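Structure first, commentary second.
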Amino acid sequence: GDDLLKVVGSDLKSSDWKTREKAIGKLLELVLDSPDKFVGPVTNVFFDFAPRLQDSNSKVNVAALKALVQMLPLLPDALEMVMAELLSSLTLGLASKNASIHSLAESAMAALVSSTNPAHVAQPYMTQMKNANSVIKEAMATHLVQFVPLAADVSPKLLQKHVVGTCVKLLPDNKLHAKLAPVWKALYGVLGESLFKGKAFTDSVTAQVRRIIS
């Protein structure tokens, strides 16, 4: 098991694209076979996997995205340590000009948001979104609408702590207005008036958000 994973990890970094592609297939097999084994240090193999989500070879990139879509529902709690790396690579696909990569990146992001423990997603997701370019920000805002009620089911505090503050910081970004409006409505839907309790809600911010949700 462990030895095989070491080989897979090393093959994922190979300079030969076919070796990298095969290693993705091997990792997928291992996860499908025994997802419960992926706890603790074993999950380090995903640090080697994450860069393949933006592989310079499109075949490898597509294979990695397809594999991720299949693996995510089986690993709801396993990927906390590598979440920032996964998001960093995955979000680049959201801006890809390659139609297959773009479409698979959208599917993978939807799977990540719907099947991963929201407590592991909230902070790295919002950090990534805050620092991304406008194309990626818009794509991430769309997925955030789905994330809000799922996170609220786990803990409304998660939203207050990570999501609300970043959305306030993104308010001045005019390009994002249309995409963020459904996010604000979703936030108000689950948090109600407590949405406006944070320090970030100055009178002008509150007025602006009330206009958006009305």
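Naming scheme: A, B, ... for chains in displayed order of the structure tokens; residues 1 onward per chain; ligands 1 onward as shown.
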Contacts of segment 36-44 of chain A at 8 Å (only C-alpha atoms; same-chain gap of 2+ positions) as an MDAnalysis selection string: chainID A and resid 2 5 31 34 46:48 75 78:79 82
Spatial neighbours of Asp55 of chain A, max dist 10 Å, only C-alpha atoms, sep filter under 4 positions, as a ChimeraX atom specification: /A:17,20,49-51,59-64,89
Å distance separating atom CA of Leu187 of chain A from atom CA of Val148 of chain A, one decimal place: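 For atom CA of Leu187 of chain A relative to atom CA of Val148 of chain A, the distance reads 6.4 Å.
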Selection near segment 130-135 of chain A, 8 Å with only C-alpha atoms, sequence-local residues under 2 positions removed, as a PyMOL selection string: chain A and resi 94-95+126-128+137-139+166+170+175-176
Go ahead and dump the residues you just picked, all heavy atoms, as a PDB file, in the first residue's frame.
```pdb
ATOM      1  N   LEU A  94     -10.746  26.844 -14.605  1.00  0.00           N
ATOM      2  CA  LEU A  94     -11.981  27.617 -14.802  1.00  0.00           C
ATOM      3  C   LEU A  94     -11.771  28.744 -15.814  1.00  0.00           C
ATOM      4  O   LEU A  94     -12.726  29.258 -16.382  1.00  0.00           O
ATOM      5  CB  LEU A  94     -12.462  28.220 -13.472  1.00  0.00           C
ATOM      6  CG  LEU A  94     -12.842  27.226 -12.368  1.00  0.00           C
ATOM      7  CD1 LEU A  94     -13.131  27.960 -11.069  1.00  0.00           C
ATOM      8  CD2 LEU A  94     -14.043  26.373 -12.777  1.00  0.00           C
ATOM      9  N   ALA A  95     -10.505  29.107 -16.019  1.00  0.00           N
ATOM     10  CA  ALA A  95     -10.195  30.177 -16.975  1.00  0.00           C
ATOM     11  C   ALA A  95      -9.575  29.626 -18.256  1.00  0.00           C
ATOM     12  O   ALA A  95      -9.129  30.384 -19.110  1.00  0.00           O
ATOM     13  CB  ALA A  95      -9.243  31.185 -16.329  1.00  0.00           C
ATOM     14  N   MET A 126     -12.183  30.954  -0.118  1.00  0.00           N
ATOM     15  CA  MET A 126     -12.334  32.413  -0.124  1.00  0.00           C
ATOM     16  C   MET A 126     -10.992  33.114  -0.333  1.00  0.00           C
ATOM     17  O   MET A 126     -10.926  34.154  -0.994  1.00  0.00           O
ATOM     18  CB  MET A 126     -12.999  32.888   1.174  1.00  0.00           C
ATOM     19  CG  MET A 126     -14.422  32.374   1.370  1.00  0.00           C
ATOM     20  SD  MET A 126     -15.509  32.463  -0.093  1.00  0.00           S
ATOM     21  CE  MET A 126     -15.693  34.235  -0.320  1.00  0.00           C
ATOM     22  N   THR A 127      -9.922  32.552   0.207  1.00  0.00           N
ATOM     23  CA  THR A 127      -8.579  33.117  -0.013  1.00  0.00           C
ATOM     24  C   THR A 127      -8.235  33.063  -1.494  1.00  0.00           C
ATOM     25  O   THR A 127      -7.752  34.033  -2.079  1.00  0.00           O
ATOM     26  CB  THR A 127      -7.517  32.329   0.799  1.00  0.00           C
ATOM     27  OG1 THR A 127      -7.899  32.370   2.174  1.00  0.00           O
ATOM     28  CG2 THR A 127      -6.133  32.929   0.644  1.00  0.00           C
ATOM     29  N   GLN A 128      -8.510  31.923  -2.106  1.00  0.00           N
ATOM     30  CA  GLN A 128      -8.238  31.737  -3.530  1.00  0.00           C
ATOM     31  C   GLN A 128      -9.068  32.720  -4.360  1.00  0.00           C
ATOM     32  O   GLN A 128      -8.567  33.357  -5.284  1.00  0.00           O
ATOM     33  CB  GLN A 128      -8.596  30.292  -3.901  1.00  0.00           C
ATOM     34  CG  GLN A 128      -8.204  29.875  -5.292  1.00  0.00           C
ATOM     35  CD  GLN A 128      -6.702  29.847  -5.503  1.00  0.00           C
ATOM     36  OE1 GLN A 128      -5.964  29.442  -4.631  1.00  0.00           O
ATOM     37  NE2 GLN A 128      -6.246  30.291  -6.655  1.00  0.00           N
ATOM     38  N   LYS A 137     -12.641  34.651 -10.498  1.00  0.00           N
ATOM     39  CA  LYS A 137     -13.525  35.159  -9.428  1.00  0.00           C
ATOM     40  C   LYS A 137     -14.989  34.946  -9.788  1.00  0.00           C
ATOM     41  O   LYS A 137     -15.793  34.514  -8.969  1.00  0.00           O
ATOM     42  CB  LYS A 137     -13.300  36.665  -9.228  1.00  0.00           C
ATOM     43  CG  LYS A 137     -12.213  37.027  -8.233  1.00  0.00           C
ATOM     44  CD  LYS A 137     -12.340  38.508  -7.839  1.00  0.00           C
ATOM     45  CE  LYS A 137     -11.235  38.892  -6.872  1.00  0.00           C
ATOM     46  NZ  LYS A 137     -10.089  39.523  -7.517  1.00  0.00           N
ATOM     47  N   GLU A 138     -15.352  35.284 -11.036  1.00  0.00           N
ATOM     48  CA  GLU A 138     -16.751  35.136 -11.460  1.00  0.00           C
ATOM     49  C   GLU A 138     -17.203  33.682 -11.416  1.00  0.00           C
ATOM     50  O   GLU A 138     -18.300  33.374 -10.958  1.00  0.00           O
ATOM     51  CB  GLU A 138     -16.939  35.711 -12.878  1.00  0.00           C
ATOM     52  CG  GLU A 138     -16.916  37.226 -12.901  1.00  0.00           C
ATOM     53  CD  GLU A 138     -17.167  37.788 -14.301  1.00  0.00           C
ATOM     54  OE1 GLU A 138     -17.814  37.104 -15.115  1.00  0.00           O
ATOM     55  OE2 GLU A 138     -16.719  38.915 -14.554  1.00  0.00           O
ATOM     56  N   ALA A 139     -16.335  32.788 -11.909  1.00  0.00           N
ATOM     57  CA  ALA A 139     -16.672  31.354 -11.900  1.00  0.00           C
ATOM     58  C   ALA A 139     -16.819  30.843 -10.466  1.00  0.00           C
ATOM     59  O   ALA A 139     -17.731  30.071 -10.154  1.00  0.00           O
ATOM     60  CB  ALA A 139     -15.600  30.557 -12.638  1.00  0.00           C
ATOM     61  N   THR A 166     -15.019  38.278   3.092  1.00  0.00           N
ATOM     62  CA  THR A 166     -14.418  38.358   1.754  1.00  0.00           C
ATOM     63  C   THR A 166     -15.401  38.964   0.762  1.00  0.00           C
ATOM     64  O   THR A 166     -15.017  39.757  -0.099  1.00  0.00           O
ATOM     65  CB  THR A 166     -13.968  36.957   1.284  1.00  0.00           C
ATOM     66  OG1 THR A 166     -13.034  36.449   2.238  1.00  0.00           O
ATOM     67  CG2 THR A 166     -13.285  37.012  -0.071  1.00  0.00           C
ATOM     68  N   LEU A 170     -15.014  42.262  -1.667  1.00  0.00           N
ATOM     69  CA  LEU A 170     -15.192  42.201  -3.119  1.00  0.00           C
ATOM     70  C   LEU A 170     -16.297  43.145  -3.626  1.00  0.00           C
ATOM     71  O   LEU A 170     -16.484  43.287  -4.830  1.00  0.00           O
ATOM     72  CB  LEU A 170     -15.511  40.762  -3.547  1.00  0.00           C
ATOM     73  CG  LEU A 170     -14.374  39.741  -3.356  1.00  0.00           C
ATOM     74  CD1 LEU A 170     -14.889  38.324  -3.581  1.00  0.00           C
ATOM     75  CD2 LEU A 170     -13.194  40.009  -4.282  1.00  0.00           C
ATOM     76  N   LYS A 175     -17.098  44.487 -11.764  1.00  0.00           N
ATOM     77  CA  LYS A 175     -17.247  43.345 -12.670  1.00  0.00           C
ATOM     78  C   LYS A 175     -17.966  42.174 -11.998  1.00  0.00           C
ATOM     79  O   LYS A 175     -18.563  41.335 -12.654  1.00  0.00           O
ATOM     80  CB  LYS A 175     -15.871  42.855 -13.127  1.00  0.00           C
ATOM     81  CG  LYS A 175     -15.258  43.673 -14.258  1.00  0.00           C
ATOM     82  CD  LYS A 175     -13.974  43.001 -14.719  1.00  0.00           C
ATOM     83  CE  LYS A 175     -13.283  43.798 -15.813  1.00  0.00           C
ATOM     84  NZ  LYS A 175     -11.890  43.347 -15.985  1.00  0.00           N
ATOM     85  N   LEU A 176     -17.850  42.120 -10.678  1.00  0.00           N
ATOM     86  CA  LEU A 176     -18.388  40.972  -9.940  1.00  0.00           C
ATOM     87  C   LEU A 176     -19.827  41.167  -9.472  1.00  0.00           C
ATOM     88  O   LEU A 176     -20.437  40.229  -8.963  1.00  0.00           O
ATOM     89  CB  LEU A 176     -17.505  40.710  -8.713  1.00  0.00           C
ATOM     90  CG  LEU A 176     -16.455  39.617  -8.753  1.00  0.00           C
ATOM     91  CD1 LEU A 176     -15.871  39.420  -7.375  1.00  0.00           C
ATOM     92  CD2 LEU A 176     -17.002  38.286  -9.259  1.00  0.00           C
TER      93      LEU A 176
END
```
Of the listed residues A:Leu72, A:Leu53, A:Leu12, A:Ala181, that which approaches Leu32 of chain A most closely, counting only C-alpha atoms: A:Leu72
Alpha helix (DSSP H) per DSSP on the backbone: members of segment 45-202 of chain A, as JSON, numbers by chain: {"A": [45, 46, 47, 48, 49, 58, 59, 60, 61, 62, 63, 64, 65, 66, 67, 68, 69, 70, 71, 83, 84, 85, 86, 87, 88, 89, 90, 91, 92, 93, 94, 99, 100, 101, 102, 103, 104, 105, 106, 107, 108, 109, 110, 111, 112, 113, 114, 115, 118, 119, 120, 121, 122, 123, 124, 125, 126, 127, 128, 129, 130, 131, 134, 135, 136, 137, 138, 139, 140, 141, 142, 143, 144, 145, 146, 147, 148, 149, 150, 151, 152, 153, 154, 156, 157, 158, 165, 166, 167, 168, 169, 170, 177, 178, 179, 180, 181, 182, 183, 184, 185, 186, 187, 188, 189, 190, 191]}
Could you give me, as a short mmCIF file (atom, residue, chain, number, x, y, z; two decimals) with N, CA, C and O atoms, in the first residue's frame, the residues within 10 Å of Pro124 of chain A, counting only C-alpha atoms and dropping anything in the same chain fewer than 4 positions from it?
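That gives us part24.cif:
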```cif
data_model
loop_
_atom_site.label_atom_id
_atom_site.label_comp_id
_atom_site.auth_asym_id
_atom_site.auth_seq_id
_atom_site.Cartn_x
_atom_site.Cartn_y
_atom_site.Cartn_z
N GLU A 80 -8.22 17.94 3.62
CA GLU A 80 -8.09 19.23 4.30
C GLU A 80 -6.69 19.84 4.13
O GLU A 80 -6.54 21.01 3.80
N VAL A 82 -4.46 19.47 1.89
CA VAL A 82 -4.03 19.77 0.51
C VAL A 82 -5.05 20.66 -0.22
O VAL A 82 -4.90 20.96 -1.39
N MET A 83 -6.09 21.10 0.51
CA MET A 83 -7.18 21.85 -0.13
C MET A 83 -6.70 23.11 -0.85
O MET A 83 -7.13 23.41 -1.96
N ALA A 84 -5.80 23.85 -0.22
CA ALA A 84 -5.32 25.10 -0.84
C ALA A 84 -4.62 24.81 -2.16
O ALA A 84 -4.82 25.51 -3.16
N GLU A 85 -3.81 23.74 -2.19
CA GLU A 85 -3.08 23.37 -3.41
C GLU A 85 -4.05 22.90 -4.50
O GLU A 85 -3.91 23.24 -5.67
N LEU A 86 -5.03 22.09 -4.09
CA LEU A 86 -6.02 21.60 -5.06
C LEU A 86 -6.78 22.77 -5.69
O LEU A 86 -6.95 22.84 -6.90
N LEU A 87 -7.22 23.70 -4.84
CA LEU A 87 -7.99 24.84 -5.35
C LEU A 87 -7.14 25.73 -6.24
O LEU A 87 -7.60 26.22 -7.27
N SER A 88 -5.90 25.92 -5.85
CA SER A 88 -5.00 26.77 -6.62
C SER A 88 -4.83 26.25 -8.05
O SER A 88 -4.87 27.01 -9.02
N ALA A 119 -16.21 22.75 6.25
CA ALA A 119 -15.23 23.32 7.19
C ALA A 119 -13.82 23.28 6.61
O ALA A 119 -12.96 24.07 7.00
N HIS A 120 -13.58 22.36 5.67
CA HIS A 120 -12.25 22.26 5.05
C HIS A 120 -12.13 23.15 3.81
O HIS A 120 -11.04 23.36 3.30
N GLN A 128 -8.51 31.92 -2.11
CA GLN A 128 -8.24 31.74 -3.53
C GLN A 128 -9.07 32.72 -4.36
O GLN A 128 -8.57 33.36 -5.28
N MET A 129 -10.33 32.85 -4.00
CA MET A 129 -11.23 33.72 -4.76
C MET A 129 -10.79 35.18 -4.67
O MET A 129 -10.79 35.91 -5.65
N LYS A 130 -10.38 35.57 -3.46
CA LYS A 130 -9.97 36.97 -3.24
C LYS A 130 -8.77 37.33 -4.11
O LYS A 130 -8.66 38.44 -4.62
N HIS A 162 -15.57 33.28 7.31
CA HIS A 162 -14.75 33.24 6.09
C HIS A 162 -15.41 33.86 4.85
O HIS A 162 -14.74 34.49 4.05
#
```
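With only C-alpha atoms as the atoms that count, the residue of A:Met140, A:Val183, A:Val164, A:Leu28 with the shortest distance to Lys199 of chain A is A:Val164.
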Long-range neighbours of His143 of chain A as a count of residues only, 8 Å cut-off, only C-alpha atoms, 3 positions minimum in chain: 7
Fewer than 4 positions away in the same chain doesn't count, so skip those; otherwise give me all residues within 12 Å of Val154 of chain A, counting only C-alpha atoms, as a CSV table (one decimal) with C-alpha atoms, in the first residue's frame.
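Writing the result to out.csv gives the following:
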```
chain,number,residue,atom,x,y,z
A,116,THR,CA,-16.3,18.0,0.7
A,117,ASN,CA,-16.7,18.9,4.3
A,118,PRO,CA,-17.5,22.7,4.2
A,119,ALA,CA,-15.2,23.3,7.2
A,120,HIS,CA,-12.2,22.3,5.0
A,121,VAL,CA,-13.3,24.3,2.1
A,122,ALA,CA,-14.5,27.7,3.4
A,147,PHE,CA,-21.7,26.3,-1.1
A,148,VAL,CA,-23.5,28.8,1.2
A,149,PRO,CA,-26.5,26.6,2.3
A,150,LEU,CA,-24.2,23.5,2.6
A,158,LEU,CA,-18.2,29.3,9.0
A,159,LEU,CA,-20.0,31.7,6.7
A,190,VAL,CA,-29.5,31.4,5.8
```
Residues within 10 Å of Gly198 of chain A, only C-alpha atoms, excluding chain neighbours under 4 positions, as a list in words: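 Once the adjacent positions are removed, what remains is Gln160, Lys161, Val164, Gly165, Ser194 and Thr202 of chain A.
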Straight-line distance linking atom CA of Thr142 of chain A with atom CA of Ile24 of chain A, stated in Å to one decimal: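 Between these atoms lies a distance of 28.2 Å.
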Atom CA of Lys6 of chain A to atom CA of Val45 of chain A, distance in Å rounded to a single decimal: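 Separating atom CA of Lys6 of chain A from atom CA of Val45 of chain A is a distance of 7.7 Å.
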Residue among A:Arg211, A:Lys197, A:Lys13, A:Lys157 lying closest to Gln123 of chain A, counting only C-alpha atoms: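 Using only C-alpha atoms, Gln123 of chain A sits closest to A:Lys157.
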